[in-house]
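Visitor: First the structure, then my questions, so here it is.
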Amino acid sequence: MTSKILEFPLLNPWQHFTIYGTHNRYIVVAMTKNRSKCRILKIDRMDQKELNITEDQHEYSHVELRQLLGTIEISNSRVGGFSKTIHCHGIIGFIKFLEGYYMIVITRRSQVARIGYHRIYKIEETAMLSITNEDIKKIHPDESKYLRALQNLDLTNGFYFSYTYDLTHTLQYNFIEQNREKKNLDNENFCWGTRYQPTWKYVWNEYLIEPIRSQVHPRWLLFIINGVILQYNLNVFCRSIYLTLICRRSQRFSGTRFLKRGGNSKGYVANEVETEQILHDASLSSLGKSHFTSYVQLRGSVPAFWSQDPKQVPKPPIVSK
């Protein structure tokens, strides 16, 4: 009988989220992959200026969670009610405009690759929830302008994440760190994740998770990268091989070609992209028994200080024949 594969330790053990709403707060219920364990965040909705989040330190079973939600529903039946707001797969972060904070969540995902037992997902659909209760919200005429600017950003095009694999680091770095943690424990039934610091320049949502980094445990933070992740299953001499391409785009000093070129005073260059090509045996899922190769290439703009006035670019004459 095959033993159950355990994923430990995890970057983010919570993979299923349900958000409930009351008059005074949002209650975020996070569940593990098999929905056996739950944790809760409470987000205050009665403060338009500040984001106040309380993390419940108790880990609930499924039965305990149902009892707790039942109690909350009864206590709020006469003061605004209690209802399920949305189901999602992760919290991207929080952003504040003129009418208070908004929460951005992942409502649909698709698996695009796997490295061993680690699954990598692409964001397919997102949603944005206003935190502030409508009863106390002070309306600002320019709020819609900022909301439209954010909604013009297509989060379904080139944004990826993983619950158990750190996409901001290379395969070599992840292997070295997991072997340090593993040390003398050699068990093929464990799929080792990581809990060390990410490479922040590749964490696209660094600014969005900044408001909650000091208020919640790091396991609530989901690191999103921007770039491209592709995986192909190749047949080489009757052997199945996975070819995986991971492109991580730096969010430091990025922008369009005419606005961002060269380097800045902090040492970052424009449009820096780290590309990693991984080959591994698709017939073996165990990271300890499978064979891996990884080739990493880093590219970016020329590391020099310079500027260009777009208005002074000479225009060639138009010759008509």
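Here, A, B, ... name the chains of the structure tokens in the order displayed, residue numbers run from 1 inside each chain, and ligands are numbered from 1 in the same displayed order.
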Mind checking which residues fall within 12 Å of stretch 136-140 of chain A, counting only C-alpha atoms, ignoring those fewer than 4 positions away in the same chain, and posting them as a tab-separated table (two decimals) with N, CA and C atoms, in the first residue's frame?

Guide:
chain	number	residue	atom	x	y	z
A	23	HIS	N	-22.01	42.94	9.30
A	23	HIS	CA	-22.07	44.40	9.25
A	23	HIS	C	-20.75	45.03	9.65
A	24	ASN	N	-20.05	44.42	10.61
A	24	ASN	CA	-18.85	45.03	11.18
A	24	ASN	C	-17.54	44.49	10.63
A	45	ARG	N	-14.43	46.28	9.25
A	45	ARG	CA	-15.03	47.05	8.16
A	45	ARG	C	-15.49	48.43	8.61
A	46	MET	N	-15.24	48.79	9.86
A	46	MET	CA	-15.77	50.04	10.41
A	46	MET	C	-14.72	51.14	10.51
A	47	ASP	N	-13.57	50.95	9.87
A	47	ASP	CA	-12.52	51.97	9.86
A	47	ASP	C	-12.11	52.21	8.42
A	48	GLN	N	-12.40	53.40	7.91
A	48	GLN	CA	-12.12	53.70	6.51
A	48	GLN	C	-10.65	54.04	6.27
A	49	LYS	N	-9.95	54.47	7.30
A	49	LYS	CA	-8.57	54.93	7.11
A	49	LYS	C	-7.53	53.84	7.32
A	97	PHE	N	-7.40	53.23	-1.75
A	97	PHE	CA	-7.65	54.41	-2.56
A	97	PHE	C	-8.28	55.48	-1.66
A	98	LEU	N	-9.14	56.29	-2.21
A	98	LEU	CA	-9.69	57.43	-1.46
A	98	LEU	C	-10.86	57.05	-0.57
A	99	GLU	N	-11.47	55.90	-0.81
A	99	GLU	CA	-12.61	55.47	0.00
A	99	GLU	C	-12.29	54.27	0.88
A	100	GLY	N	-11.01	54.04	1.12
A	100	GLY	CA	-10.62	52.95	2.00
A	100	GLY	C	-9.94	51.82	1.25
A	101	TYR	N	-9.80	50.68	1.94
A	101	TYR	CA	-9.06	49.54	1.42
A	101	TYR	C	-9.95	48.61	0.59
A	130	SER	N	-14.56	45.59	-1.55
A	130	SER	CA	-14.39	46.80	-0.76
A	130	SER	C	-14.50	46.44	0.72
A	131	ILE	N	-13.51	46.84	1.50
A	131	ILE	CA	-13.50	46.49	2.93
A	131	ILE	C	-14.46	47.36	3.73
A	132	THR	N	-14.47	48.65	3.48
A	132	THR	CA	-15.25	49.58	4.29
A	132	THR	C	-16.75	49.36	4.12
A	144	SER	N	-13.70	56.33	-8.59
A	144	SER	CA	-13.93	55.50	-9.77
A	144	SER	C	-12.76	55.58	-10.75
A	145	LYS	N	-12.08	56.71	-10.79
A	145	LYS	CA	-10.94	56.86	-11.70
A	145	LYS	C	-9.81	55.91	-11.32
A	146	TYR	N	-9.53	55.81	-10.02
A	146	TYR	CA	-8.47	54.92	-9.56
A	146	TYR	C	-8.88	53.45	-9.71
A	147	LEU	N	-10.14	53.16	-9.49
A	147	LEU	CA	-10.61	51.79	-9.66
A	147	LEU	C	-10.49	51.34	-11.11

Visitor: Each residue of stretch 268-301 of chain A lying at most 6 Å from stretch 238-245 of chain A should get a row with its shortest atom-to-atom pair and the distance in Å to one decimal, counting only C-alpha atoms; could you produce that, ordered by chain and increasing number, as a Markdown table?

Guide:
| residue | atom | partner | partner_atom | distance |
| --- | --- | --- | --- | --- |
| A:Glu276 | CA | A:Leu245 | CA | 5.8 |
| A:Gln277 | CA | A:Leu245 | CA | 4.7 |
| A:Ile278 | CA | A:Thr244 | CA | 5.0 |
| A:Leu279 | CA | A:Leu243 | CA | 4.9 |
| A:His280 | CA | A:Tyr242 | CA | 5.4 |
| A:Asp281 | CA | A:Ile241 | CA | 4.8 |
| A:Ala282 | CA | A:Ile241 | CA | 5.0 |

Visitor: Can you list every residue of stretch 117-164 of chain A that has an atom at most 12 Å from stretch 249-265 of chain A, with its nearest atom pair and the distance in Å to one decimal, using only C-alpha atoms, ordered by chain then number, as a tab-separated table?

Guide:
residue	atom	partner	partner_atom	distance
A:Gly158	CA	A:Arg249	CA	10.0
A:Phe159	CA	A:Arg249	CA	10.2
A:Tyr160	CA	A:Arg249	CA	11.3

Visitor: Return the single residue from A:Ile74, A:Ile212, A:Leu129, A:Ala30 that is closest to A:Leu51, with distances computed using only C-alpha atoms.

Guide: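 Among the listed residues, the smallest separation from A:Leu51 belongs to A:Ile212.
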
Visitor: How would you write, as a PDB file with N, CA and C atoms, in the first residue's frame, the set of residues in stretch 87-177 of chain A that DSSP gives as alpha helix (DSSP H)?

Guide:
ATOM      1  N   GLU A 143     -12.813  58.375  -6.841  1.00  0.00           N
ATOM      2  CA  GLU A 143     -12.567  56.962  -6.535  1.00  0.00           C
ATOM      3  C   GLU A 143     -12.696  56.079  -7.776  1.00  0.00           C
ATOM      4  N   SER A 144     -13.696  56.334  -8.586  1.00  0.00           N
ATOM      5  CA  SER A 144     -13.928  55.499  -9.770  1.00  0.00           C
ATOM      6  C   SER A 144     -12.761  55.575 -10.753  1.00  0.00           C
ATOM      7  N   LYS A 145     -12.080  56.711 -10.793  1.00  0.00           N
ATOM      8  CA  LYS A 145     -10.941  56.856 -11.703  1.00  0.00           C
ATOM      9  C   LYS A 145      -9.813  55.905 -11.316  1.00  0.00           C
ATOM     10  N   TYR A 146      -9.532  55.808 -10.022  1.00  0.00           N
ATOM     11  CA  TYR A 146      -8.471  54.915  -9.560  1.00  0.00           C
ATOM     12  C   TYR A 146      -8.877  53.446  -9.711  1.00  0.00           C
ATOM     13  N   LEU A 147     -10.144  53.161  -9.493  1.00  0.00           N
ATOM     14  CA  LEU A 147     -10.615  51.788  -9.659  1.00  0.00           C
ATOM     15  C   LEU A 147     -10.488  51.337 -11.113  1.00  0.00           C
ATOM     16  N   ARG A 148     -10.823  52.214 -12.041  1.00  0.00           N
ATOM     17  CA  ARG A 148     -10.694  51.867 -13.460  1.00  0.00           C
ATOM     18  C   ARG A 148      -9.239  51.635 -13.843  1.00  0.00           C
ATOM     19  N   ALA A 149      -8.339  52.437 -13.270  1.00  0.00           N
ATOM     20  CA  ALA A 149      -6.912  52.264 -13.567  1.00  0.00           C
ATOM     21  C   ALA A 149      -6.419  50.899 -13.098  1.00  0.00           C
ATOM     22  N   LEU A 150      -6.867  50.463 -11.918  1.00  0.00           N
ATOM     23  CA  LEU A 150      -6.468  49.149 -11.412  1.00  0.00           C
ATOM     24  C   LEU A 150      -7.103  48.031 -12.225  1.00  0.00           C
ATOM     25  N   GLN A 151      -8.357  48.204 -12.603  1.00  0.00           N
ATOM     26  CA  GLN A 151      -9.054  47.167 -13.357  1.00  0.00           C
ATOM     27  C   GLN A 151      -8.513  47.017 -14.779  1.00  0.00           C
ATOM     28  N   LEU A 171      15.723  26.579  -9.002  1.00  0.00           N
ATOM     29  CA  LEU A 171      15.628  25.199  -8.531  1.00  0.00           C
ATOM     30  C   LEU A 171      16.815  24.843  -7.644  1.00  0.00           C
ATOM     31  N   GLN A 172      18.009  25.291  -8.012  1.00  0.00           N
ATOM     32  CA  GLN A 172      19.202  24.993  -7.226  1.00  0.00           C
ATOM     33  C   GLN A 172      19.077  25.555  -5.813  1.00  0.00           C
ATOM     34  N   TYR A 173      18.630  26.795  -5.705  1.00  0.00           N
ATOM     35  CA  TYR A 173      18.484  27.412  -4.385  1.00  0.00           C
ATOM     36  C   TYR A 173      17.459  26.653  -3.551  1.00  0.00           C
ATOM     37  N   ASN A 174      16.339  26.298  -4.157  1.00  0.00           N
ATOM     38  CA  ASN A 174      15.297  25.573  -3.423  1.00  0.00           C
ATOM     39  C   ASN A 174      15.786  24.206  -2.957  1.00  0.00           C
ATOM     40  N   PHE A 175      16.569  23.527  -3.782  1.00  0.00           N
ATOM     41  CA  PHE A 175      17.092  22.219  -3.398  1.00  0.00           C
ATOM     42  C   PHE A 175      18.070  22.340  -2.240  1.00  0.00           C
ATOM     43  N   ILE A 176      18.934  23.351  -2.289  1.00  0.00           N
ATOM     44  CA  ILE A 176      19.919  23.534  -1.217  1.00  0.00           C
ATOM     45  C   ILE A 176      19.217  23.801   0.107  1.00  0.00           C
ATOM     46  N   GLU A 177      18.210  24.669   0.089  1.00  0.00           N
ATOM     47  CA  GLU A 177      17.510  25.008   1.324  1.00  0.00           C
ATOM     48  C   GLU A 177      16.718  23.831   1.873  1.00  0.00           C
TER      49      GLU A 177
END

Visitor: Excluding A:Tyr121 and any residue of its chain fewer than 3 positions from it, enumerate the residues within 9 Å of it, using only C-alpha atoms, and give them as a list in words.

Guide: Arg109, Ser110, Gln111, Val112, Ala113, Arg114, Phe159, Tyr160, Phe161, Ser162 and Tyr163 of chain A

Visitor: Those same residues, written as a PDB file, in the first residue's frame with C-alpha atoms?

Guide:
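This went into again-v9.pdb:
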ATOM      1  CA  ARG A 109      -6.855  29.145 -11.175  1.00  0.00           C
ATOM      2  CA  SER A 110      -5.455  26.533 -13.551  1.00  0.00           C
ATOM      3  CA  GLN A 111      -2.502  24.207 -13.123  1.00  0.00           C
ATOM      4  CA  VAL A 112       0.177  24.882 -15.733  1.00  0.00           C
ATOM      5  CA  ALA A 113       3.148  22.868 -14.446  1.00  0.00           C
ATOM      6  CA  ARG A 114       4.467  20.650 -11.697  1.00  0.00           C
ATOM      7  CA  PHE A 159       0.718  35.863 -13.237  1.00  0.00           C
ATOM      8  CA  TYR A 160       1.612  32.622 -11.425  1.00  0.00           C
ATOM      9  CA  PHE A 161       1.884  31.181  -7.922  1.00  0.00           C
ATOM     10  CA  SER A 162       2.463  27.971  -5.992  1.00  0.00           C
ATOM     11  CA  TYR A 163       1.464  26.962  -2.480  1.00  0.00           C
TER      12      TYR A 163
END

Visitor: With only C-alpha atoms as the atoms that count, which of A:Asn205, A:Ser214, A:Asn233, A:Ser307 lies nearest to A:Ser283?

Guide: A:Asn233

Visitor: Write out as a PyMOL selection string each polymer residue whose atoms come within 8 Å of A:Thr168, counting only C-alpha atoms; drop sequence neighbours fewer than 6 positions from it.

Guide: chain A and resi 198-200+202-203+225+248
